[in-house]
Amino acid sequence: MERNACTITTDGLPFTQSYQKVTATGGRNDSSSNCSIYMDYNATTPVNTEVIETVTEALQVAWGNPSSSYTPGRKAKELIDWSRENVAQMVGGQPEDIIFTSGGTEANNLVFHTAVKYFWDHQRQLAQNGGNAEPLPHIITSNIEHDSVQLVVDNLIKEEKAKATFLPVSKVTGCIEVDDVIGAVRPTTCLVSVMLANNETGVLMPIAEICQRVKALNQQRDTETPRILLHTDAAQAVGKLRVDVRDLGVDYLTIVGHKFYGPRIGALYVRGPGTSSPVYPMFFGGGQERKFRPGTENTPMIAGLGKAAELVVRNLEVYASHMQEVRDYLEEKLLTVFGKDKLHFNSHFKGSNRLPNTCNVSILGPNLQGRKVLLHCRRLLASVGAACHSDKGNRPSHILLNSGIPYDVAENALRLSVGRATSKEDVDAIIEDLKQAVNEVEVGAAQAGQ
């Protein structure tokens with residue numbers, strides 16, 4: 001079904017296209033009935049106006065090489081240092097703990113690369129001292145991770161570089177169980193990596209407790225047993241709730257700019273990189289990022305990330321409160337319009353907390369598959385799950401299935417994630433849109449005798 005084209009102005013930048021461009025401040029959509037309403041903020045967010053201004057300024061006045069001593073280079077170095085401080089403050093770390101990367105995928109890959117190399121360094125040292133050990137490092141993760149974790153581990157297994165345990169999450173809580181993590185630990189375990197918040201259900205994982213328990217095991221290990229490193233992918237959590245690496249107790253934390261209104265780069269928090277926690281570069285070149293991530297720095301994007309982080313530090317409580325209020329209103333309206341018997345909230349798990357902006361819901365019915373309903377929506381822009389799984393065809397999300405959602409319910413799933421400026425009026429509009437879409441699908445199925 002075609003969507004009506006609309007011409008709108010986004011912070012003074014006019015353009016025309018068939019999909020509405022969400023405002024750079026984060027989402028207050030044009031009120032015209034012909035324009036779409038974006039509710040896929042877990043996939044990506046628009047770049048904030050202040051971030052755009054910061055990037056633009058960096059392009060104009062900080063275009064020099066940050067390693068240079070002349071003014072444009074010094075300005076670039078100052079912007080990078082400023083950004084590092086802001087990103088560190090956002091997650092409760094120190095500036096020297098932040099390594100800038102191209103995005104979350106690179107940050108995650110760097111952690112797994114480091115863990116395996118760290119294990120083998122330990123093994124070589126052990127062999128030199130006449131010791132023996134198991135041949136392959138062991139990794140523990142969950143069965144609901146992002147592809148940039150799951151596929152890295154899959155590849156390490158395929159190339160016989162590591163062994164791994166993919167722990168299932170509880171069908172009751174949607175969470176990984178701490179006791180399961182501890183029970184999976186082997187003498188060769190070198191890394192535990194569990195996401196902080198799931199991108200589809202929004203469920204928060206017990207990272208602080210996992211880290212506390214694993215650190216207790218580390219203290220009991222002898223010198224011939226490698227220390228277990230601790231990592232969490234916090235891509236979905238940063239910018240939506242308070243994230244503090246000191247409270248979590250992690251060695252590594254992944255940060256993704258485009259999830260909190262920043263540019264499409266990322267950063268990796270490392271607790272004491274090269275001292276308290278190992279870092280092994282994946283490639284080699286100049287001495288940038290203390291040689292952990294060489295390559296001439298992308299100053300404008302790093303500056304944009306720093307501005308996005310500054311806004312999170314300044315406004316997080318307001319952002320989170322607003323998103324939760326609108327998300328709760330969305331769920332109330334869904335229940336009012338469709339009724340309790342017609343809905344299954346795939347993001348509701350007993351005893352678990354979740355992101356303040358995420359609603360994963362299935363409208364129940366034999367012909368109401370999520371993709372089909374979205375195709376009949378005239379205004380709603382949303383997804384059936386993670387954008388990185390969009391090539392999976394009509395199969396339901398494996399994350400929902402692994403979380404205990406029945407197949408026929410999971411295939412009807414809609415992931416509705418609200419943003420900083422999504423309004424209750426937006427919710428009212430998309431509820432009406434969903435109502436007419438469901439009606440069209442059901443009438444069409446009845447006429448076709450399905």
# chains A, B, ... in the order shown; residues from 1 in each chain; ligands from 1
$ select_by_dssp --residues "range 54-257 of chain A" --states "helix (DSSP H, G or I)" --output "MDAnalysis selection string"
chainID A and resid 54:61 71:91 95:97 104:128 147:158 178:184 207:220 245:248 257
$ residues_around --residues "Asn65 in chain A" --least-positions-apart "3" --cutoff "7 Å" --atoms "only C-alpha atoms" --output "list of chain:residue names"
A:Ser68, A:Gly73, A:Ala76
$ write_last_selection --atoms "C-alpha atoms" --output "PDB file, in the first residue's frame"
ATOM      1  CA  SER A  68      49.060  18.099  13.909  1.00  0.00           C
ATOM      2  CA  GLY A  73      44.662  20.150  14.154  1.00  0.00           C
ATOM      3  CA  ALA A  76      40.315  18.710  16.274  1.00  0.00           C
TER       4      ALA A  76
END
$ select_by_dssp --residues "range 100-262 of chain A" --states "strand (DSSP E)" --output "compact mmCIF listing (two decimals) with N, CA and C atoms, in the first residue's frame"
# COMPACT_ATOMS: atom_id res chain seq x y z
N PHE A 100 37.16 5.22 20.77
CA PHE A 100 36.19 5.48 19.70
C PHE A 100 36.32 4.43 18.61
N THR A 101 35.16 3.99 18.09
CA THR A 101 35.11 2.97 17.04
C THR A 101 34.16 3.44 15.94
N HIS A 138 36.86 -20.51 26.09
CA HIS A 138 35.42 -20.72 26.19
C HIS A 138 34.73 -19.40 26.49
N ILE A 139 33.63 -19.15 25.78
CA ILE A 139 32.86 -17.91 25.90
C ILE A 139 31.44 -18.24 26.34
N ILE A 140 30.89 -17.42 27.21
CA ILE A 140 29.49 -17.56 27.64
C ILE A 140 28.72 -16.33 27.18
N THR A 141 27.59 -16.57 26.53
CA THR A 141 26.70 -15.49 26.11
C THR A 141 25.26 -16.00 26.16
N SER A 142 24.32 -15.20 25.69
CA SER A 142 22.91 -15.62 25.72
C SER A 142 22.42 -15.92 24.32
N LYS A 163 35.32 -22.19 21.94
CA LYS A 163 34.09 -22.91 22.26
C LYS A 163 33.16 -21.91 22.93
N ALA A 164 31.87 -22.21 22.92
CA ALA A 164 30.93 -21.25 23.48
C ALA A 164 29.70 -21.94 24.04
N THR A 165 29.08 -21.27 24.99
CA THR A 165 27.80 -21.69 25.54
C THR A 165 26.82 -20.55 25.33
N PHE A 166 25.74 -20.83 24.58
CA PHE A 166 24.66 -19.86 24.39
C PHE A 166 23.56 -20.20 25.40
N LEU A 167 23.49 -19.45 26.46
CA LEU A 167 22.53 -19.75 27.52
C LEU A 167 21.13 -19.27 27.13
N THR A 189 37.00 -20.70 30.52
CA THR A 189 36.13 -19.55 30.24
C THR A 189 36.92 -18.26 30.35
N CYS A 190 36.88 -17.47 29.27
CA CYS A 190 37.65 -16.21 29.25
C CYS A 190 36.77 -14.98 29.12
N LEU A 191 35.48 -15.17 28.78
CA LEU A 191 34.61 -14.02 28.57
C LEU A 191 33.16 -14.38 28.85
N VAL A 192 32.46 -13.49 29.55
CA VAL A 192 31.01 -13.53 29.66
C VAL A 192 30.48 -12.25 29.01
N SER A 193 29.63 -12.40 28.01
CA SER A 193 29.07 -11.25 27.31
C SER A 193 27.55 -11.39 27.24
N LEU A 229 36.75 -12.23 31.67
CA LEU A 229 36.44 -10.84 31.34
C LEU A 229 34.93 -10.66 31.23
N LEU A 230 34.45 -9.44 31.48
CA LEU A 230 33.01 -9.18 31.55
C LEU A 230 32.63 -8.06 30.59
N HIS A 231 31.66 -8.34 29.72
CA HIS A 231 31.25 -7.38 28.69
C HIS A 231 29.74 -7.30 28.62
N THR A 232 29.23 -6.10 28.38
CA THR A 232 27.81 -5.94 28.06
C THR A 232 27.66 -5.00 26.87
N ASP A 233 26.80 -5.37 25.96
CA ASP A 233 26.43 -4.52 24.83
C ASP A 233 25.27 -3.64 25.33
N TYR A 252 34.04 -4.17 30.00
CA TYR A 252 33.81 -3.58 28.68
C TYR A 252 32.32 -3.26 28.52
N LEU A 253 32.04 -2.13 27.84
CA LEU A 253 30.65 -1.76 27.58
C LEU A 253 30.58 -1.09 26.21
N THR A 254 29.67 -1.56 25.38
CA THR A 254 29.52 -1.07 24.01
C THR A 254 28.53 0.08 23.95
N ILE A 255 28.93 1.15 23.24
CA ILE A 255 28.13 2.37 23.09
C ILE A 255 27.90 2.62 21.61
N VAL A 256 26.64 2.92 21.24
CA VAL A 256 26.28 3.09 19.83
C VAL A 256 25.58 4.44 19.64
$ closest_residue --among "A:Ser321, A:Asn394, A:Ser36, A:Asn353" --to "Arg378 in chain A" --atoms "only C-alpha atoms"
A:Ser36
$ residues_around --residues "Ile176 in chain A" --least-positions-apart "2" --cutoff "9 Å" --atoms "only C-alpha atoms" --output "PDB file with N, CA, C and O atoms, in the first residue's frame"
ATOM      1  N   SER A 142      24.318 -15.205  25.692  1.00  0.00           N
ATOM      2  CA  SER A 142      22.907 -15.619  25.720  1.00  0.00           C
ATOM      3  C   SER A 142      22.418 -15.923  24.317  1.00  0.00           C
ATOM      4  O   SER A 142      23.100 -15.640  23.328  1.00  0.00           O
ATOM      5  N   ASN A 143      21.223 -16.478  24.231  1.00  0.00           N
ATOM      6  CA  ASN A 143      20.650 -16.822  22.919  1.00  0.00           C
ATOM      7  C   ASN A 143      19.736 -15.726  22.382  1.00  0.00           C
ATOM      8  O   ASN A 143      18.960 -15.965  21.461  1.00  0.00           O
ATOM      9  N   LEU A 167      23.488 -19.447  26.460  1.00  0.00           N
ATOM     10  CA  LEU A 167      22.530 -19.746  27.515  1.00  0.00           C
ATOM     11  C   LEU A 167      21.132 -19.266  27.133  1.00  0.00           C
ATOM     12  O   LEU A 167      20.967 -18.146  26.630  1.00  0.00           O
ATOM     13  N   PRO A 168      20.106 -20.091  27.372  1.00  0.00           N
ATOM     14  CA  PRO A 168      18.729 -19.655  27.105  1.00  0.00           C
ATOM     15  C   PRO A 168      18.258 -18.684  28.178  1.00  0.00           C
ATOM     16  O   PRO A 168      18.706 -18.744  29.326  1.00  0.00           O
ATOM     17  N   VAL A 169      17.366 -17.786  27.786  1.00  0.00           N
ATOM     18  CA  VAL A 169      16.743 -16.916  28.776  1.00  0.00           C
ATOM     19  C   VAL A 169      15.518 -17.618  29.344  1.00  0.00           C
ATOM     20  O   VAL A 169      14.951 -18.523  28.728  1.00  0.00           O
ATOM     21  N   SER A 170      15.123 -17.204  30.518  1.00  0.00           N
ATOM     22  CA  SER A 170      13.956 -17.779  31.172  1.00  0.00           C
ATOM     23  C   SER A 170      12.691 -17.457  30.385  1.00  0.00           C
ATOM     24  O   SER A 170      12.488 -16.325  29.945  1.00  0.00           O
ATOM     25  N   THR A 173      10.748 -14.909  32.870  1.00  0.00           N
ATOM     26  CA  THR A 173      11.221 -13.542  33.099  1.00  0.00           C
ATOM     27  C   THR A 173      11.770 -12.880  31.832  1.00  0.00           C
ATOM     28  O   THR A 173      11.924 -11.654  31.798  1.00  0.00           O
ATOM     29  N   GLY A 174      12.089 -13.667  30.808  1.00  0.00           N
ATOM     30  CA  GLY A 174      12.726 -13.114  29.621  1.00  0.00           C
ATOM     31  C   GLY A 174      14.181 -12.771  29.842  1.00  0.00           C
ATOM     32  O   GLY A 174      14.840 -12.215  28.963  1.00  0.00           O
ATOM     33  N   VAL A 178      21.227 -15.811  36.437  1.00  0.00           N
ATOM     34  CA  VAL A 178      22.595 -15.666  36.942  1.00  0.00           C
ATOM     35  C   VAL A 178      23.188 -17.022  37.294  1.00  0.00           C
ATOM     36  O   VAL A 178      24.359 -17.301  36.991  1.00  0.00           O
ATOM     37  N   ASP A 179      22.396 -17.881  37.908  1.00  0.00           N
ATOM     38  CA  ASP A 179      22.900 -19.210  38.274  1.00  0.00           C
ATOM     39  C   ASP A 179      23.297 -20.015  37.044  1.00  0.00           C
ATOM     40  O   ASP A 179      24.235 -20.822  37.098  1.00  0.00           O
ATOM     41  N   ASP A 180      22.600 -19.809  35.924  1.00  0.00           N
ATOM     42  CA  ASP A 180      22.965 -20.507  34.691  1.00  0.00           C
ATOM     43  C   ASP A 180      24.329 -20.039  34.189  1.00  0.00           C
ATOM     44  O   ASP A 180      25.126 -20.840  33.676  1.00  0.00           O
ATOM     45  N   VAL A 181      24.592 -18.746  34.324  1.00  0.00           N
ATOM     46  CA  VAL A 181      25.898 -18.225  33.918  1.00  0.00           C
ATOM     47  C   VAL A 181      27.002 -18.859  34.754  1.00  0.00           C
ATOM     48  O   VAL A 181      28.002 -19.366  34.218  1.00  0.00           O
ATOM     49  N   VAL A 194      26.862 -10.491  27.921  1.00  0.00           N
ATOM     50  CA  VAL A 194      25.396 -10.488  27.942  1.00  0.00           C
ATOM     51  C   VAL A 194      24.925  -9.050  27.750  1.00  0.00           C
ATOM     52  O   VAL A 194      25.413  -8.134  28.427  1.00  0.00           O
ATOM     53  N   MET A 205      18.725  -7.095  31.539  1.00  0.00           N
ATOM     54  CA  MET A 205      19.415  -8.277  32.045  1.00  0.00           C
ATOM     55  C   MET A 205      20.137  -7.956  33.363  1.00  0.00           C
ATOM     56  O   MET A 205      20.566  -6.816  33.580  1.00  0.00           O
ATOM     57  N   PRO A 206      20.316  -8.954  34.239  1.00  0.00           N
ATOM     58  CA  PRO A 206      20.914  -8.716  35.566  1.00  0.00           C
ATOM     59  C   PRO A 206      22.435  -8.628  35.510  1.00  0.00           C
ATOM     60  O   PRO A 206      23.159  -9.436  36.093  1.00  0.00           O
TER      61      PRO A 206
END
$ residues_around --residues "Gly272 in chain A" --least-positions-apart "6" --cutoff "9 Å" --atoms "only C-alpha atoms" --output "CSV table (one decimal) with all heavy atoms, in the first residue's frame"
chain,number,residue,atom,x,y,z
A,94,GLN,N,36.0,6.9,33.1
A,94,GLN,CA,37.0,7.9,33.0
A,94,GLN,C,37.3,8.2,31.5
A,94,GLN,O,37.2,7.3,30.7
A,94,GLN,CB,38.3,7.5,33.7
A,94,GLN,CG,38.2,7.3,35.2
A,94,GLN,CD,37.7,8.6,35.9
A,94,GLN,OE1,38.2,9.7,35.7
A,94,GLN,NE2,36.8,8.5,36.8
A,96,GLU,N,40.0,8.3,29.8
A,96,GLU,CA,41.0,7.3,29.3
A,96,GLU,C,40.4,5.9,29.1
A,96,GLU,O,41.0,5.0,28.4
A,96,GLU,CB,42.2,7.2,30.2
A,96,GLU,CG,41.9,6.8,31.6
A,96,GLU,CD,41.7,8.0,32.6
A,96,GLU,OE1,41.3,9.1,32.1
A,96,GLU,OE2,41.9,7.8,33.8
A,97,ASP,N,39.2,5.7,29.6
A,97,ASP,CA,38.5,4.4,29.4
A,97,ASP,C,37.8,4.3,28.1
A,97,ASP,O,37.2,3.2,27.8
A,97,ASP,CB,37.5,4.1,30.5
A,97,ASP,CG,38.2,4.0,31.9
A,97,ASP,OD1,39.4,3.6,31.9
A,97,ASP,OD2,37.5,4.3,32.9
A,251,ASP,N,33.9,-5.0,32.6
A,251,ASP,CA,35.3,-4.6,32.1
A,251,ASP,C,35.1,-3.8,30.8
A,251,ASP,O,35.9,-3.0,30.4
A,251,ASP,CB,36.1,-5.8,31.8
A,251,ASP,CG,36.4,-6.6,33.1
A,251,ASP,OD1,36.8,-6.0,34.1
A,251,ASP,OD2,36.1,-7.8,33.1
A,278,PRO,N,42.6,-6.0,29.4
A,278,PRO,CA,43.4,-6.1,28.1
A,278,PRO,C,42.6,-5.5,26.9
A,278,PRO,O,41.4,-5.6,26.9
A,278,PRO,CB,43.6,-7.6,28.0
A,278,PRO,CG,42.5,-8.2,28.7
A,278,PRO,CD,42.2,-7.3,29.8
$ closest_residue --among "A:Thr44, A:Lys171, A:Phe284, A:Arg371" --to "Asn402 in chain A" --atoms "only C-alpha atoms"
A:Lys171
$ residues_around --residues "Thr201 in chain A" --least-positions-apart "6" --cutoff "8 Å" --atoms "only C-alpha atoms" --output "ChimeraX atom specification"
/A:346-348,354,358-360,400
$ residues_around --residues "Ser417 in chain A" --least-positions-apart "2" --cutoff "6 Å" --atoms "only C-alpha atoms" --output "list of chain:residue names"
A:Met39, A:Asp40, A:Tyr41, A:Asn42, A:Asn357, A:Thr358
$ write_last_selection --atoms "C-alpha atoms" --output "short mmCIF file (atom, residue, chain, number, x, y, z; two decimals), in the first residue's frame"
data_model
loop_
_atom_site.label_atom_id
_atom_site.label_comp_id
_atom_site.auth_asym_id
_atom_site.auth_seq_id
_atom_site.Cartn_x
_atom_site.Cartn_y
_atom_site.Cartn_z
CA MET A 39 7.94 4.46 15.98
CA ASP A 40 11.09 2.46 15.33
CA TYR A 41 13.54 4.28 17.59
CA ASN A 42 15.16 1.02 18.72
CA ASN A 357 10.25 3.22 25.39
CA THR A 358 9.64 -0.32 24.15
#
$ residues_around --residues "Pro300 in chain A" --least-positions-apart "6" --cutoff "12 Å" --atoms "only C-alpha atoms" --output "PyMOL selection string"
chain A and resi 51-66+75-80+83+262-265+306-307
$ atom_distance --atom1 "CA of Ile302 in chain A" --atom2 "CA of Gly285 in chain A"
19.1 Å
$ closest_residue --among "A:Glu200, A:Glu425, A:Glu332, A:Glu289" --to "Ser397 in chain A" --atoms "only C-alpha atoms"
A:Glu200
$ atom_distance --atom1 "CA of Ala107 in chain A" --atom2 "CA of Val245 in chain A"
15.9 Å
$ closest_residue --among "A:Ile363, A:Leu330, A:Val443, A:Leu217" --to "Thr422 in chain A" --atoms "only C-alpha atoms"
A:Leu330
$ atom_distance --atom1 "CA of Gly183 in chain A" --atom2 "CA of Glu159 in chain A"
25.6 Å
